[in-house]
Amino acid sequence: MDIPKPRPLALGRTVRSGVDTNALSSDNDQDCELSPPTSPSAVQAPIDTFLEVTKLGSPTSPDTPQSLRQHRSSTSQHRDLVSKGLIPLPVAEALAERYFSRLDHYLYGIGSSLGNLKSLQRTSPILVAAICTVSALHDPQNQSIYELCNREFRRLVSRSVFEKRGLDHLQALCIGSFWLTDASRILSSDAHRRAADARLHKHFQQLIDPVDGGSSSPLTLSSEDLANRIRLWYLLFICDQHLSILHNRDPLLRTDKEILANCDAFLERDGATDADVRLLSQVLLLLIMGQVRDDIGGGVQRRCLPPYCFRCFAI
């Protein structure tokens, strides 16, 4: 058709209007991931070849000096609320103690696997900010402390939107989504996106059947680590259902069949606790409420005329 061929892509350093894009400074303490490094699936996908090419010019490419990557990671791990001088250490310890002793129970013991404040300061500044923010929220005398912690927590969340984070970041988003009503929808949406990338719901098979389920997984996780990831997925489901009821909107997570198929196996495994029973009871209750809402809830035109039939309440 006599169509000219497109010009080849220019990789590496790109100059626009006399400005070197590689010379632009960034305020991110951690490496920024411009695109996913690999396909979410363990199977080779056609897009993987393209993603390998795009990694050549990314800040996380192997060409980055190892000393520079270690410096970035080391400087970002210790920048928490206390090390920045936003709140003193005794105040942070009191806030963390209040959260773990009085508030963590309402979120089905998500903090039981987090450790203490000192370990969180070394590993996850965003978890420190989330815990301190929620704890200060429940103390009317700490309104100024709450504003400082909440501002720092929002700053950490907003700066990490385009960055790949670990499981601790997902836990912090879950805590904030459950307690902070003014930002719960935004935090929940970001948490579900990250949970889908981490494929949390795919850890059921590895936990129930370690021989078959762990054969294709590149990571070797203990049974407790797998259980914590599944608990976190259930907690995200609970937060999403609560928000859908509060705001009268459809939930983001619609995997009812998968949740029902694995509930019994999760409770019958070795190591199941009373907190797991509480967690799964809430999950099943929300599933029933969701089915009732889908059949006779607001916005649905179909109604059963008196006498009401039990078909609408079938589980």
# chains A, B, ... in the order shown; residues from 1 in each chain; ligands from 1

call {"tool": "residues_around", "arguments": {"residues": "range 273-282 of chain A", "least_positions_apart": "5", "cutoff": "9 Å", "atoms": "only C-alpha atoms", "output": "list in words"}}
result
His105, Leu107, Tyr108, Gly109, Arg231, Tyr234, Leu235, Ile238, Cys263, Phe266, Leu267 and Leu287 of chain A

call {"tool": "write_last_selection", "arguments": {"atoms": "C-alpha atoms", "output": "compact mmCIF listing (two decimals), in the first residue's frame"}}
result
# COMPACT_ATOMS: atom_id res chain seq x y z
CA HIS A 105 -8.89 -6.90 67.45
CA LEU A 107 -9.56 -5.80 62.20
CA TYR A 108 -9.35 -9.52 63.02
CA GLY A 109 -5.78 -9.45 64.27
CA ARG A 231 -6.20 -13.46 55.61
CA TYR A 234 -10.23 -11.74 53.08
CA LEU A 235 -9.74 -8.44 54.91
CA ILE A 238 -14.49 -7.20 53.94
CA CYS A 263 -13.65 -21.21 53.09
CA PHE A 266 -9.08 -22.72 55.09
CA LEU A 267 -10.82 -23.37 58.42
CA LEU A 287 -21.68 -12.75 51.02

call {"tool": "residues_around", "arguments": {"residues": "Ser83 in chain A", "least_positions_apart": "6", "cutoff": "10 Å", "atoms": "only C-alpha atoms", "output": "NGL selection string"}}
result
:A and (89 or 121 or 125)

call {"tool": "residues_around", "arguments": {"residues": "Cys149 in chain A", "least_positions_apart": "4", "cutoff": "10 Å", "atoms": "only C-alpha atoms", "output": "PyMOL selection string"}}
result
chain A and resi 81+86-87+92+128-137+143-145+153-155

call {"tool": "write_last_selection", "arguments": {"atoms": "C-alpha atoms", "output": "compact mmCIF listing (two decimals), in the first residue's frame"}}
result
# COMPACT_ATOMS: atom_id res chain seq x y z
CA LEU A 81 7.54 9.48 61.59
CA LEU A 86 7.30 14.64 63.32
CA ILE A 87 6.42 12.95 66.60
CA ALA A 92 4.78 6.79 68.78
CA VAL A 128 4.14 3.06 61.25
CA ALA A 129 2.25 6.00 59.77
CA ALA A 130 -0.96 3.97 59.31
CA ILE A 131 -0.91 2.55 62.84
CA CYS A 132 -0.13 5.89 64.46
CA THR A 133 -2.80 7.64 62.39
CA VAL A 134 -5.55 5.18 63.33
CA SER A 135 -4.51 5.17 66.99
CA ALA A 136 -4.44 8.96 67.21
CA LEU A 137 -7.85 9.08 65.52
CA GLN A 143 -6.02 15.80 67.36
CA SER A 144 -2.81 17.60 66.41
CA ILE A 145 -0.90 14.30 66.44
CA PHE A 153 0.43 8.63 55.73
CA ARG A 154 -1.26 10.30 52.77
CA ARG A 155 2.09 11.54 51.52

call {"tool": "atom_distance", "arguments": {"atom1": "CA of Leu200 in chain A", "atom2": "CA of Arg229 in chain A"}}
result
6.0 Å

call {"tool": "select_by_dssp", "arguments": {"residues": "range 83-119 of chain A", "states": "alpha helix (DSSP H)", "output": "count of residues only"}}
result
13

call {"tool": "closest_residue", "arguments": {"among": "A:Ser124, A:Asn142, A:Ser113, A:Ser184", "to": "Leu236 in chain A", "atoms": "only C-alpha atoms"}}
result
A:Ser184

call {"tool": "closest_residue", "arguments": {"among": "A:Glu147, A:Glu224, A:Glu152, A:Asp240", "to": "Ala191 in chain A", "atoms": "only C-alpha atoms"}}
result
A:Asp240

call {"tool": "closest_residue", "arguments": {"among": "A:Ser112, A:Ser160, A:Asn228, A:Ser119", "to": "Glu93 in chain A", "atoms": "only C-alpha atoms"}}
result
A:Ser119

call {"tool": "closest_residue", "arguments": {"among": "A:Asp294, A:Asp2, A:Asp80, A:Asp197", "to": "Lys164 in chain A", "atoms": "only C-alpha atoms"}}
result
A:Asp197
